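Participant: Just dropping this structure here.
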Amino acid sequence: METITLTINGKRVSCLEGKSILEAAEAHGIKIPKLCYHHSLKPFGACRLCLVEDEKTGRLFASCVTPAAPDMVLLSDSPQVLKHRRNIISLMMAEHPESCIVCNKGNRCQLRMIAAELGIGENHLYPMPNYKPLEQANPFIMRDLSKCILCGKCIRADHELVCAGAIDYNSRGFDSRPATLHELPLEESTCTFCGTCVSLCPTGALSTKTDFAGTPERESNSVCGFCGIGCNLTLGIAGNMIVDVNPAHIENSVNDATLCVRGHFGHDFLNSTQRLTHPLARKEKELVPVSWDNALETTAKKLLEIKDQHGPESIAFLGSSKCSNEENYLFQKIARTIIETNNVDNGGYLSGRLLLDLAEERTDKAGRFNFFAGPLSGLEQAEVIFVLGAEPDQAAPVLDYYLKRSAKKGTPLIVANPKKIGLTTSASCWIHPYGSPKPAQNFFDTFYLELINLISANLLEKNAIDTSFISRFTSGYEEYKSDLLSLDQKTSVEKANLDSRSIKNAAETLTGKKITFVVGDGLMLQRYGKEAMEALLNLALMTGSIGYKGAGFHILSKENNLVGAWDMGTVPGTLPGRLMINNENDRNIWEKAWKSKIPQTKGLDLYQMIKKAEEGSLKAIYIMGENPLRSLPQPNRLLKSFESLEFVVAQDILFNETVNIADVVLPGAPFSEKAGSFTNMEGKIQCFSPALPPPKNAKTDLEILGLVAEKMGAPEYKSNHEDIRKEISNTISAYSETAACKHPIWIREKNQLQDNMAEKQIRFSPVTSSSETVCDDDYPFIALFGSTRFHLGSGTRTGQSERINVFAPQGEIEVSPVDAEKMNLIKDDRIKVTSVTGELERTVKVNSNIRSGYIHIPTAYNHNDARCLIQLVPLLDADSSGWDSCRVTVEKV
Amino acid sequence: MSDRSQLISTGEPFKFDQERDTEFERLIKRYPERESMILPALWLTQEQEGWISAEAIAYIADRIGTFASKVFECATFYTMYHLHPMGKYHICVCRTLSCWLRDKQAIVDYLRDEIGIEPGQKSEDGKFSLEEVECLGHCGTAPVVQINGEFHEEMDVEKLTALLAELN
């Protein structure tokens, strides 16, 4: 593209051909007022404030929609331009209600700012306010369309960025307003309450419904602590409270101008009255406040005592996929070098980390991060996207926006999910089971595995394979090929109740393309998750979809630092940098760095910890930033297992189920009150600084860990995040650039498959098929579990938000219309759901997106009580029924 | 202008009939952007049903692959789309300059007195609805009245009486 030169306000400026005048001006520091323009949205030319005058002809251009042309001579504030601008503002003000003094937008109102800059005070036009009723039925967004200036930012953000299609202009002329379909209330529309429009609205037409009146005293950028996307936030602060959350204006941020309902409105837990602000210790069955010294002393003494008495293997450490890299690093270092145990795990265990471990082991030789598809922005260039077992519109809405935008641009999208999810309407092909589950077959388990095998077999028949990739980078293809050719397709189709047409359709769509996979819990947390993941890797190898820009795997991660906690070694089998514990060379690297011995055998994972506690050989657990008593299945069994422990330390920010049974409670700090870094699901390391100090006596988690180590006789462990970051970057090559951490850093970019793996070989794994599992006839339904977009995980944090609790669905179990009719159920009837492990009573909602034979149970609601239905067995066990679905009976009560 | 806001649900699923379906498929090939098909699709619907229901909006959005809110936007912007069922005979009286000067008001007044409907209304028996519209392009033979798409030129009260008798 050519560079062109033009003159604005007598200043020579240059820009690339195709840029608008406004972009050229802004790039050179020339400020032009505008209300409808936003760099993330297509220019619209609605407000006409960005007028500039062509000096040669006297013509006025709207600079946001006029391309810069060579040798233009323009004035951005000539008398003519100013006259027009004042007129436009005067007209807007004449239609605007006189309510500035009580308007929530206050000093952030862009209309008011521009009016002030142009010196428009008293308006000489006849006031014609266009009153509309105030809409505020929902607890998040207040709509006062009397203040709307029709800039269309909300509509364009809705269509172009979020792809929800909730609003558009209605009617014309003076009546025209942004409104929902059929002018229904926002609550009855397709609005997801992501609040993107609120952040963009230049006036008080859209504002956050809040008790706080006025403008925040200051703002501080941060990284969202909910899901694995890692959105950049701007926190608005007043006094010692976070009063406002908006998307941060950071170039190349993953979320751009968007957020989701959790990110925007779910941060109320930061100011919750349930925050832990004082160390506590159990004295005669009651948790009572104690001094820091006392709490730390008890923790250190007790842990060392138990280590002496029962050995290091009797102590376990549960780190957190929500805590920072630095904290997780220090946490496992304490476990491994002071207590000398590898019994370290984190909440990521619940998100199918075991499968990722296996997948990575297989692709390891190809360079650690080649398996991942990298930046989400790659989705917009993907050739074809295949979404399996993920429900991004609920679990990670910003990922959903990416997928919908790609689909809108014409990227073929295949969705495999038994449930009709939000994305299926954008998909070119939806693969789901047909008919009801057969009584004697748990076919849902086999769904993903069989469909992947079938698609692979179809592609092979069409010879739609990447032969050069296969010969250069893989081994074992011939075996795989003959396995696949001998696959009994008819049986596979029947086993999983699939429709061979939709498989053919999907194979057709995938033919000749590099595939970008998006994989979620639905696939990973079920009985054949491992086999399905292996089959998926085979498919990726066969089509050459690994190691190319944009192609590969996006593993939907529900926790903000799942990848980071893993990288930092808060797992039983690997050290920081994912070095293997059972590999001597790997171990030596860290033994040298830490000047300490590391136990040689893999430690206990989360499930094994519970098992050992039940057996009585585990005596103590140190839990940092996790709430296993709310998040793990079979709560009663868990409670018993935890109560049998001699000593439980909980380091957390909120009073929760786990804190309740702890012997010592150490009050920590959430992301907004400390410094650190998170690694998101893309593999991007983002640093953040504190916006506020921790409340009262709470301390940052890094400080607490340092103090605990000091009490255990290792004062040298006390350090700040910068020192730890240096320690990490010195030894872990993927994190080597994080020491400075001024900008986000990618952990994988250096390792492109194409460049440096000529002789490296990834092995095809044999084709496996599901075995016939006979199920209990007594449990005719399959319950699918899933979170709603309002809650994250088990809802420990989001459940603290009054507005989320009020508005989120009240845990209604969704049943298909067919089953509802069979059981004579109507909306709001109560049903009892029973599984092998427990029972649950909830109200019912009939949903035509649910297939007969299935029910959908939302998690997180009511202390996440739905988890009582699921059995706590390791996923990879043969008798496991998975953690994302189970067999149940349903009866009306 | 009639009420643009309220869309009425029929409770029945909407679908193009065979003829409109073929026409839809013929037309959509003309446009590089599928969304350009919203206006013709709304016309086809109105041609088929006489008006545009909530179900029709959803059907068009689904068929084109766009947001229902966008189809609704177009339907509410253009006054010629009917968002309510019209009378069996929908009477449009031109109110633009030539027809105005040639006393279109006499026609409107007559209809008000005879059938009892104002512009924008429908008679109780559902037989007639009345609308004042902008220029119908027959200024040389003003005033002009259009009934169910058919033009009646150089209209006066006498001619209208005969016409109504015929329709009744």
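Labels for the structure tokens follow display order: chains A, B, ..., residues from 1 in each chain, ligands from 1.
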Residues of chain A no more than 10 Å from chain B, counting only C-alpha atoms: send them over as a PDB file with N, CA, C and O atoms, in the first residue's frame.
Facilitator:
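The result, stored in out.pdb:
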ATOM      1  N   ILE A 155     -25.598  -0.079  18.518  1.00  0.00           N
ATOM      2  CA  ILE A 155     -26.105  -1.000  17.505  1.00  0.00           C
ATOM      3  C   ILE A 155     -24.954  -1.636  16.751  1.00  0.00           C
ATOM      4  O   ILE A 155     -24.908  -2.849  16.544  1.00  0.00           O
ATOM      5  N   HIS A 159     -23.840  -5.542  16.597  1.00  0.00           N
ATOM      6  CA  HIS A 159     -23.791  -6.320  15.365  1.00  0.00           C
ATOM      7  C   HIS A 159     -22.374  -6.717  14.967  1.00  0.00           C
ATOM      8  O   HIS A 159     -22.125  -7.842  14.564  1.00  0.00           O
ATOM      9  N   CYS A 163     -22.065  -9.561  18.034  1.00  0.00           N
ATOM     10  CA  CYS A 163     -22.915 -10.410  17.178  1.00  0.00           C
ATOM     11  C   CYS A 163     -24.105 -10.996  17.929  1.00  0.00           C
ATOM     12  O   CYS A 163     -24.402 -12.192  17.810  1.00  0.00           O
ATOM     13  N   ALA A 164     -24.749 -10.202  18.755  1.00  0.00           N
ATOM     14  CA  ALA A 164     -25.924 -10.683  19.485  1.00  0.00           C
ATOM     15  C   ALA A 164     -27.209 -10.329  18.737  1.00  0.00           C
ATOM     16  O   ALA A 164     -28.202 -11.040  18.833  1.00  0.00           O
ATOM     17  N   GLY A 165     -27.182  -9.228  17.997  1.00  0.00           N
ATOM     18  CA  GLY A 165     -28.373  -8.834  17.243  1.00  0.00           C
ATOM     19  C   GLY A 165     -29.552  -8.468  18.118  1.00  0.00           C
ATOM     20  O   GLY A 165     -30.697  -8.650  17.736  1.00  0.00           O
ATOM     21  N   ALA A 166     -29.266  -7.945  19.292  1.00  0.00           N
ATOM     22  CA  ALA A 166     -30.355  -7.619  20.219  1.00  0.00           C
ATOM     23  C   ALA A 166     -31.059  -6.331  19.837  1.00  0.00           C
ATOM     24  O   ALA A 166     -32.260  -6.186  20.022  1.00  0.00           O
ATOM     25  N   ILE A 167     -30.314  -5.379  19.308  1.00  0.00           N
ATOM     26  CA  ILE A 167     -30.920  -4.074  19.032  1.00  0.00           C
ATOM     27  C   ILE A 167     -30.633  -3.596  17.606  1.00  0.00           C
ATOM     28  O   ILE A 167     -29.672  -4.022  16.973  1.00  0.00           O
ATOM     29  N   ASP A 168     -31.476  -2.741  17.146  1.00  0.00           N
ATOM     30  CA  ASP A 168     -31.257  -2.024  15.889  1.00  0.00           C
ATOM     31  C   ASP A 168     -32.131  -0.767  15.941  1.00  0.00           C
ATOM     32  O   ASP A 168     -32.950  -0.633  16.843  1.00  0.00           O
ATOM     33  N   TYR A 169     -31.940   0.113  14.969  1.00  0.00           N
ATOM     34  CA  TYR A 169     -32.833   1.278  14.917  1.00  0.00           C
ATOM     35  C   TYR A 169     -34.249   0.800  14.662  1.00  0.00           C
ATOM     36  O   TYR A 169     -34.461  -0.152  13.910  1.00  0.00           O
ATOM     37  N   ASN A 170     -35.203   1.465  15.273  1.00  0.00           N
ATOM     38  CA  ASN A 170     -36.604   1.235  14.941  1.00  0.00           C
ATOM     39  C   ASN A 170     -37.195   2.545  14.435  1.00  0.00           C
ATOM     40  O   ASN A 170     -36.795   3.618  14.888  1.00  0.00           O
ATOM     41  N   SER A 171     -38.151   2.424  13.538  1.00  0.00           N
ATOM     42  CA  SER A 171     -38.872   3.587  13.004  1.00  0.00           C
ATOM     43  C   SER A 171     -37.940   4.582  12.326  1.00  0.00           C
ATOM     44  O   SER A 171     -36.783   4.270  12.040  1.00  0.00           O
ATOM     45  N   ARG A 172     -38.458   5.781  12.098  1.00  0.00           N
ATOM     46  CA  ARG A 172     -37.662   6.758  11.353  1.00  0.00           C
ATOM     47  C   ARG A 172     -37.927   8.157  11.884  1.00  0.00           C
ATOM     48  O   ARG A 172     -38.873   8.390  12.633  1.00  0.00           O
ATOM     49  N   GLY A 173     -37.074   9.073  11.469  1.00  0.00           N
ATOM     50  CA  GLY A 173     -37.252  10.467  11.837  1.00  0.00           C
ATOM     51  C   GLY A 173     -37.158  10.701  13.326  1.00  0.00           C
ATOM     52  O   GLY A 173     -36.349  10.072  14.007  1.00  0.00           O
ATOM     53  N   ASP A 175     -39.023   9.743  15.610  1.00  0.00           N
ATOM     54  CA  ASP A 175     -39.381   8.568  16.404  1.00  0.00           C
ATOM     55  C   ASP A 175     -38.244   7.554  16.504  1.00  0.00           C
ATOM     56  O   ASP A 175     -38.311   6.620  17.280  1.00  0.00           O
ATOM     57  N   SER A 176     -37.247   7.736  15.656  1.00  0.00           N
ATOM     58  CA  SER A 176     -36.212   6.721  15.551  1.00  0.00           C
ATOM     59  C   SER A 176     -35.421   6.556  16.841  1.00  0.00           C
ATOM     60  O   SER A 176     -35.000   7.531  17.451  1.00  0.00           O
ATOM     61  N   PRO A 178     -32.733   3.392  19.003  1.00  0.00           N
ATOM     62  CA  PRO A 178     -32.243   2.016  19.039  1.00  0.00           C
ATOM     63  C   PRO A 178     -33.188   1.196  19.910  1.00  0.00           C
ATOM     64  O   PRO A 178     -33.487   1.614  21.034  1.00  0.00           O
ATOM     65  N   ALA A 179     -33.681   0.104  19.385  1.00  0.00           N
ATOM     66  CA  ALA A 179     -34.640  -0.683  20.153  1.00  0.00           C
ATOM     67  C   ALA A 179     -34.491  -2.147  19.828  1.00  0.00           C
ATOM     68  O   ALA A 179     -33.817  -2.521  18.868  1.00  0.00           O
ATOM     69  N   THR A 180     -35.119  -2.957  20.628  1.00  0.00           N
ATOM     70  CA  THR A 180     -35.029  -4.398  20.432  1.00  0.00           C
ATOM     71  C   THR A 180     -36.046  -4.842  19.393  1.00  0.00           C
ATOM     72  O   THR A 180     -36.923  -4.082  18.999  1.00  0.00           O
ATOM     73  N   LEU A 181     -35.938  -6.083  19.014  1.00  0.00           N
ATOM     74  CA  LEU A 181     -36.916  -6.670  18.109  1.00  0.00           C
ATOM     75  C   LEU A 181     -38.297  -6.573  18.743  1.00  0.00           C
ATOM     76  O   LEU A 181     -38.468  -6.927  19.915  1.00  0.00           O
ATOM     77  N   HIS A 182     -39.263  -6.088  17.996  1.00  0.00           N
ATOM     78  CA  HIS A 182     -40.646  -5.893  18.448  1.00  0.00           C
ATOM     79  C   HIS A 182     -40.747  -4.932  19.622  1.00  0.00           C
ATOM     80  O   HIS A 182     -41.733  -4.939  20.345  1.00  0.00           O
ATOM     81  N   GLU A 183     -39.691  -4.144  19.844  1.00  0.00           N
ATOM     82  CA  GLU A 183     -39.663  -3.191  20.964  1.00  0.00           C
ATOM     83  C   GLU A 183     -39.985  -3.853  22.292  1.00  0.00           C
ATOM     84  O   GLU A 183     -40.635  -3.276  23.164  1.00  0.00           O
ATOM     85  N   LEU A 184     -39.533  -5.063  22.457  1.00  0.00           N
ATOM     86  CA  LEU A 184     -39.731  -5.753  23.728  1.00  0.00           C
ATOM     87  C   LEU A 184     -38.727  -5.186  24.734  1.00  0.00           C
ATOM     88  O   LEU A 184     -37.738  -4.579  24.347  1.00  0.00           O
ATOM     89  N   SER A 189     -35.121  -9.774  25.069  1.00  0.00           N
ATOM     90  CA  SER A 189     -34.462  -9.802  23.764  1.00  0.00           C
ATOM     91  C   SER A 189     -33.289 -10.775  23.805  1.00  0.00           C
ATOM     92  O   SER A 189     -33.099 -11.486  24.778  1.00  0.00           O
ATOM     93  N   THR A 190     -32.498 -10.774  22.734  1.00  0.00           N
ATOM     94  CA  THR A 190     -31.330 -11.652  22.710  1.00  0.00           C
ATOM     95  C   THR A 190     -30.118 -11.007  23.392  1.00  0.00           C
ATOM     96  O   THR A 190     -29.001 -11.498  23.278  1.00  0.00           O
ATOM     97  N   LYS A 408     -19.605 -14.958  10.434  1.00  0.00           N
ATOM     98  CA  LYS A 408     -20.257 -13.889   9.687  1.00  0.00           C
ATOM     99  C   LYS A 408     -19.458 -13.514   8.443  1.00  0.00           C
ATOM    100  O   LYS A 408     -20.010 -13.152   7.410  1.00  0.00           O
ATOM    101  N   THR A 425     -26.660 -21.489  15.473  1.00  0.00           N
ATOM    102  CA  THR A 425     -27.357 -20.708  14.446  1.00  0.00           C
ATOM    103  C   THR A 425     -26.363 -20.100  13.452  1.00  0.00           C
ATOM    104  O   THR A 425     -26.726 -19.796  12.329  1.00  0.00           O
ATOM    105  N   SER A 426     -25.106 -19.901  13.882  1.00  0.00           N
ATOM    106  CA  SER A 426     -24.106 -19.364  12.962  1.00  0.00           C
ATOM    107  C   SER A 426     -23.364 -20.471  12.223  1.00  0.00           C
ATOM    108  O   SER A 426     -22.543 -20.190  11.358  1.00  0.00           O
TER     109      SER A 426
END
Participant: Which residues are near Glu134 (chain B)? Cut-off 6 Å, only C-alpha atoms, ignore same chain within fewer than 4 positions. Put them as a list in words.
Facilitator: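 The residues satisfying every condition are Cys94, Arg95 and Thr96 of chain B.
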Participant: Using the selection just defined, write its residues with all heavy atoms as a short mmCIF file (atom, residue, chain, number, x, y, z; two decimals), in the first residue's frame.
Facilitator:
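Resulting contents of again_27.cif:
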data_model
loop_
_atom_site.label_atom_id
_atom_site.label_comp_id
_atom_site.auth_asym_id
_atom_site.auth_seq_id
_atom_site.Cartn_x
_atom_site.Cartn_y
_atom_site.Cartn_z
N CYS B 94 -53.68 9.13 -2.21
CA CYS B 94 -52.48 9.94 -2.36
C CYS B 94 -52.71 11.31 -1.74
O CYS B 94 -53.77 11.92 -1.93
CB CYS B 94 -52.12 10.08 -3.83
SG CYS B 94 -50.73 11.19 -4.07
N ARG B 95 -51.72 11.76 -0.98
CA ARG B 95 -51.91 13.06 -0.31
C ARG B 95 -50.85 14.06 -0.75
O ARG B 95 -50.66 15.10 -0.14
CB ARG B 95 -51.86 12.88 1.19
CG ARG B 95 -50.48 12.45 1.70
CD ARG B 95 -50.40 12.58 3.19
NE ARG B 95 -49.11 12.12 3.66
CZ ARG B 95 -48.87 11.79 4.92
NH1 ARG B 95 -49.82 11.86 5.82
NH2 ARG B 95 -47.67 11.40 5.29
N THR B 96 -50.10 13.73 -1.79
CA THR B 96 -49.06 14.64 -2.23
C THR B 96 -49.67 15.72 -3.14
O THR B 96 -50.84 15.65 -3.49
CB THR B 96 -47.91 13.85 -2.88
OG1 THR B 96 -47.62 12.73 -2.04
CG2 THR B 96 -46.65 14.67 -2.99
#
Participant: As a VMD selection string, please: the residues near region 86-93 of chain B (cut-off 8 Å, only C-alpha atoms, same-chain neighbours under 4 positions excluded).
Facilitator: chain B and resid 50 to 51 82 104 107 to 108 122 to 123 126 to 133 144 to 148
Participant: Need the shell around Glu47 (chain B): protein/DNA/RNA residues with any atom at most 12 Å away, counting only C-alpha atoms. Skip same-chain ones fewer than 3 positions apart. Format as a list in words?
Facilitator: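 Within the cut-off, the hits are Phe16, Asp17, Glu19, Arg20, Glu23, Pro40, Ala41, Leu42, Trp43, Leu44, Gly50, Trp51, Ile52, Met80, Tyr81, His82, Asn148 and Gly149 of chain B.
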Participant: What does the file look like for those residues with C-alpha atoms, as a CSV table (one decimal), in the first residue's frame?
Facilitator:
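Wrote it out as result_11.csv, contents follow:
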chain,number,residue,atom,x,y,z
B,16,PHE,CA,-43.0,-18.7,1.7
B,17,ASP,CA,-45.4,-20.5,-0.6
B,19,GLU,CA,-44.1,-19.2,-5.9
B,20,ARG,CA,-42.5,-16.8,-3.5
B,23,GLU,CA,-38.8,-15.9,-6.5
B,40,PRO,CA,-37.5,-7.9,-1.4
B,41,ALA,CA,-38.2,-10.6,1.1
B,42,LEU,CA,-40.4,-8.3,3.1
B,43,TRP,CA,-42.3,-7.4,-0.1
B,44,LEU,CA,-42.7,-11.1,-1.0
B,50,GLY,CA,-51.0,-8.8,3.0
B,51,TRP,CA,-48.9,-7.9,6.1
B,52,ILE,CA,-45.8,-8.8,8.0
B,80,MET,CA,-45.2,0.8,3.0
B,81,TYR,CA,-44.7,-2.4,5.0
B,82,HIS,CA,-47.8,-3.3,7.0
B,148,ASN,CA,-55.2,-3.5,-3.3
B,149,GLY,CA,-52.6,-2.3,-5.7
Participant: Write out as a list in words the residues lying within 12 Å of Ala27 (chain A), counting only C-alpha atoms and excluding same-chain residues fewer than 2 positions away.
Facilitator: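 The contact residues come out as Ile8, Val13, Ser14, Cys15, Leu16, Lys19, Ser20, Ile21, Leu22, Glu23, Ala24, Ala25, Gly29, Ile30, Lys31, Ile32 and His39 of chain A.
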Participant: Would you compute the distance between CA of Gly116 (chain B) and CA of Leu164 (chain B)? Give it in Å to one decimal.
Facilitator: 13.3 Å
Participant: Skip Trp883 (chain A) itself and residues of its chain fewer than 3 positions away, then list as a list in words all residues within 9 Å of it, counting only C-alpha atoms.
Facilitator: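 Contacts, with the query itself left out: Leu350, Asp521, Gly522, Leu525, Gln526, Arg527, Pro633, Phe785, Arg867, Ile870, Gln871, Leu872, Val873, Leu875, Ser880 and Cys886 of chain A.
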Participant: For those residues, write all heavy atoms to a file as a compact mmCIF listing (two decimals), in the first residue's frame.
Facilitator:
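Generated file (result34.txt):
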# COMPACT_ATOMS: atom_id res chain seq x y z
N LEU A 350 -9.92 -29.98 37.40
CA LEU A 350 -11.34 -30.11 37.07
C LEU A 350 -11.65 -29.76 35.63
O LEU A 350 -12.74 -29.96 35.16
CB LEU A 350 -12.16 -29.18 37.97
CG LEU A 350 -12.29 -29.59 39.42
CD1 LEU A 350 -12.98 -28.49 40.18
CD2 LEU A 350 -13.06 -30.88 39.51
N ASP A 521 -15.30 -28.44 27.64
CA ASP A 521 -15.55 -29.43 28.69
C ASP A 521 -16.38 -30.61 28.24
O ASP A 521 -16.18 -31.73 28.68
CB ASP A 521 -16.31 -28.76 29.84
CG ASP A 521 -15.39 -27.91 30.66
OD1 ASP A 521 -14.19 -27.85 30.31
OD2 ASP A 521 -15.84 -27.31 31.63
N GLY A 522 -17.35 -30.35 27.37
CA GLY A 522 -18.26 -31.40 26.93
C GLY A 522 -17.50 -32.59 26.41
O GLY A 522 -17.90 -33.75 26.60
N LEU A 525 -14.43 -33.64 29.59
CA LEU A 525 -14.81 -34.13 30.90
C LEU A 525 -15.74 -35.34 30.82
O LEU A 525 -16.62 -35.51 31.65
CB LEU A 525 -15.45 -33.03 31.73
CG LEU A 525 -14.58 -31.81 32.02
CD1 LEU A 525 -15.27 -30.90 33.00
CD2 LEU A 525 -13.22 -32.21 32.56
N GLN A 526 -15.59 -36.15 29.80
CA GLN A 526 -16.44 -37.33 29.77
C GLN A 526 -15.60 -38.59 29.62
O GLN A 526 -14.42 -38.56 29.36
CB GLN A 526 -17.53 -37.19 28.71
CG GLN A 526 -17.08 -36.64 27.39
CD GLN A 526 -16.94 -37.68 26.34
OE1 GLN A 526 -17.38 -38.80 26.49
NE2 GLN A 526 -16.31 -37.33 25.25
N ARG A 527 -16.27 -39.68 29.78
CA ARG A 527 -15.63 -40.99 29.89
C ARG A 527 -14.61 -41.25 28.78
O ARG A 527 -13.53 -41.74 29.01
CB ARG A 527 -16.75 -42.04 29.91
CG ARG A 527 -16.38 -43.44 29.59
CD ARG A 527 -15.70 -44.14 30.74
NE ARG A 527 -15.40 -45.52 30.39
CZ ARG A 527 -14.33 -45.90 29.71
NH1 ARG A 527 -13.47 -45.00 29.31
NH2 ARG A 527 -14.13 -47.15 29.41
N PRO A 633 -17.30 -32.77 42.74
CA PRO A 633 -18.52 -33.59 42.89
C PRO A 633 -18.63 -34.23 44.27
O PRO A 633 -17.66 -34.25 45.03
CB PRO A 633 -18.34 -34.68 41.82
CG PRO A 633 -17.30 -34.20 40.91
CD PRO A 633 -16.43 -33.27 41.68
N PHE A 785 -24.45 -31.09 32.31
CA PHE A 785 -24.20 -29.97 33.20
C PHE A 785 -23.54 -28.83 32.43
O PHE A 785 -22.77 -29.08 31.51
CB PHE A 785 -23.30 -30.41 34.36
CG PHE A 785 -23.94 -31.46 35.22
CD1 PHE A 785 -23.78 -32.81 34.94
CD2 PHE A 785 -24.75 -31.10 36.28
CE1 PHE A 785 -24.39 -33.78 35.71
CE2 PHE A 785 -25.37 -32.06 37.06
CZ PHE A 785 -25.20 -33.41 36.77
N ARG A 867 -23.70 -30.47 41.89
CA ARG A 867 -22.54 -31.36 41.84
C ARG A 867 -22.76 -32.66 42.61
O ARG A 867 -22.02 -33.62 42.47
CB ARG A 867 -21.29 -30.65 42.36
CG ARG A 867 -21.27 -30.45 43.87
CD ARG A 867 -20.30 -29.33 44.22
NE ARG A 867 -20.08 -29.20 45.65
CZ ARG A 867 -20.95 -28.65 46.50
NH1 ARG A 867 -22.12 -28.19 46.06
NH2 ARG A 867 -20.66 -28.54 47.76
N ILE A 870 -23.05 -35.87 40.52
CA ILE A 870 -21.91 -36.41 39.77
C ILE A 870 -21.06 -37.27 40.69
O ILE A 870 -20.91 -36.97 41.87
CB ILE A 870 -21.07 -35.27 39.17
CG1 ILE A 870 -21.97 -34.32 38.40
CG2 ILE A 870 -19.96 -35.80 38.28
CD1 ILE A 870 -21.31 -33.02 38.04
N GLN A 871 -20.49 -38.33 40.11
CA GLN A 871 -19.67 -39.21 40.91
C GLN A 871 -18.22 -38.76 40.86
O GLN A 871 -17.71 -38.40 39.80
CB GLN A 871 -19.79 -40.62 40.35
CG GLN A 871 -19.58 -41.66 41.39
CD GLN A 871 -19.88 -43.04 40.85
OE1 GLN A 871 -20.37 -43.20 39.73
NE2 GLN A 871 -19.58 -44.05 41.64
N LEU A 872 -17.57 -38.77 42.02
CA LEU A 872 -16.18 -38.36 42.06
C LEU A 872 -15.29 -39.57 41.81
O LEU A 872 -14.90 -40.28 42.72
CB LEU A 872 -15.87 -37.74 43.43
CG LEU A 872 -14.45 -37.20 43.62
CD1 LEU A 872 -14.13 -36.11 42.62
CD2 LEU A 872 -14.24 -36.68 45.02
N VAL A 873 -15.01 -39.80 40.53
CA VAL A 873 -14.04 -40.84 40.16
C VAL A 873 -13.14 -40.22 39.10
O VAL A 873 -13.55 -39.33 38.38
CB VAL A 873 -14.73 -42.08 39.54
CG1 VAL A 873 -15.29 -42.97 40.61
CG2 VAL A 873 -15.79 -41.68 38.55
N LEU A 875 -11.47 -39.28 35.80
CA LEU A 875 -12.06 -39.29 34.47
C LEU A 875 -11.64 -40.48 33.63
O LEU A 875 -12.42 -41.01 32.87
CB LEU A 875 -11.61 -38.02 33.73
CG LEU A 875 -12.50 -36.82 33.85
CD1 LEU A 875 -11.96 -35.73 32.98
CD2 LEU A 875 -13.91 -37.19 33.42
N SER A 880 -15.81 -44.60 34.99
CA SER A 880 -16.14 -43.18 35.17
C SER A 880 -17.32 -42.82 34.27
O SER A 880 -17.42 -43.28 33.13
CB SER A 880 -14.93 -42.34 34.79
OG SER A 880 -15.33 -41.01 34.59
N CYS A 886 -24.28 -37.19 33.42
CA CYS A 886 -24.47 -38.44 34.14
C CYS A 886 -25.89 -38.95 33.89
O CYS A 886 -26.76 -38.22 33.45
CB CYS A 886 -24.18 -38.29 35.63
SG CYS A 886 -25.40 -37.35 36.53
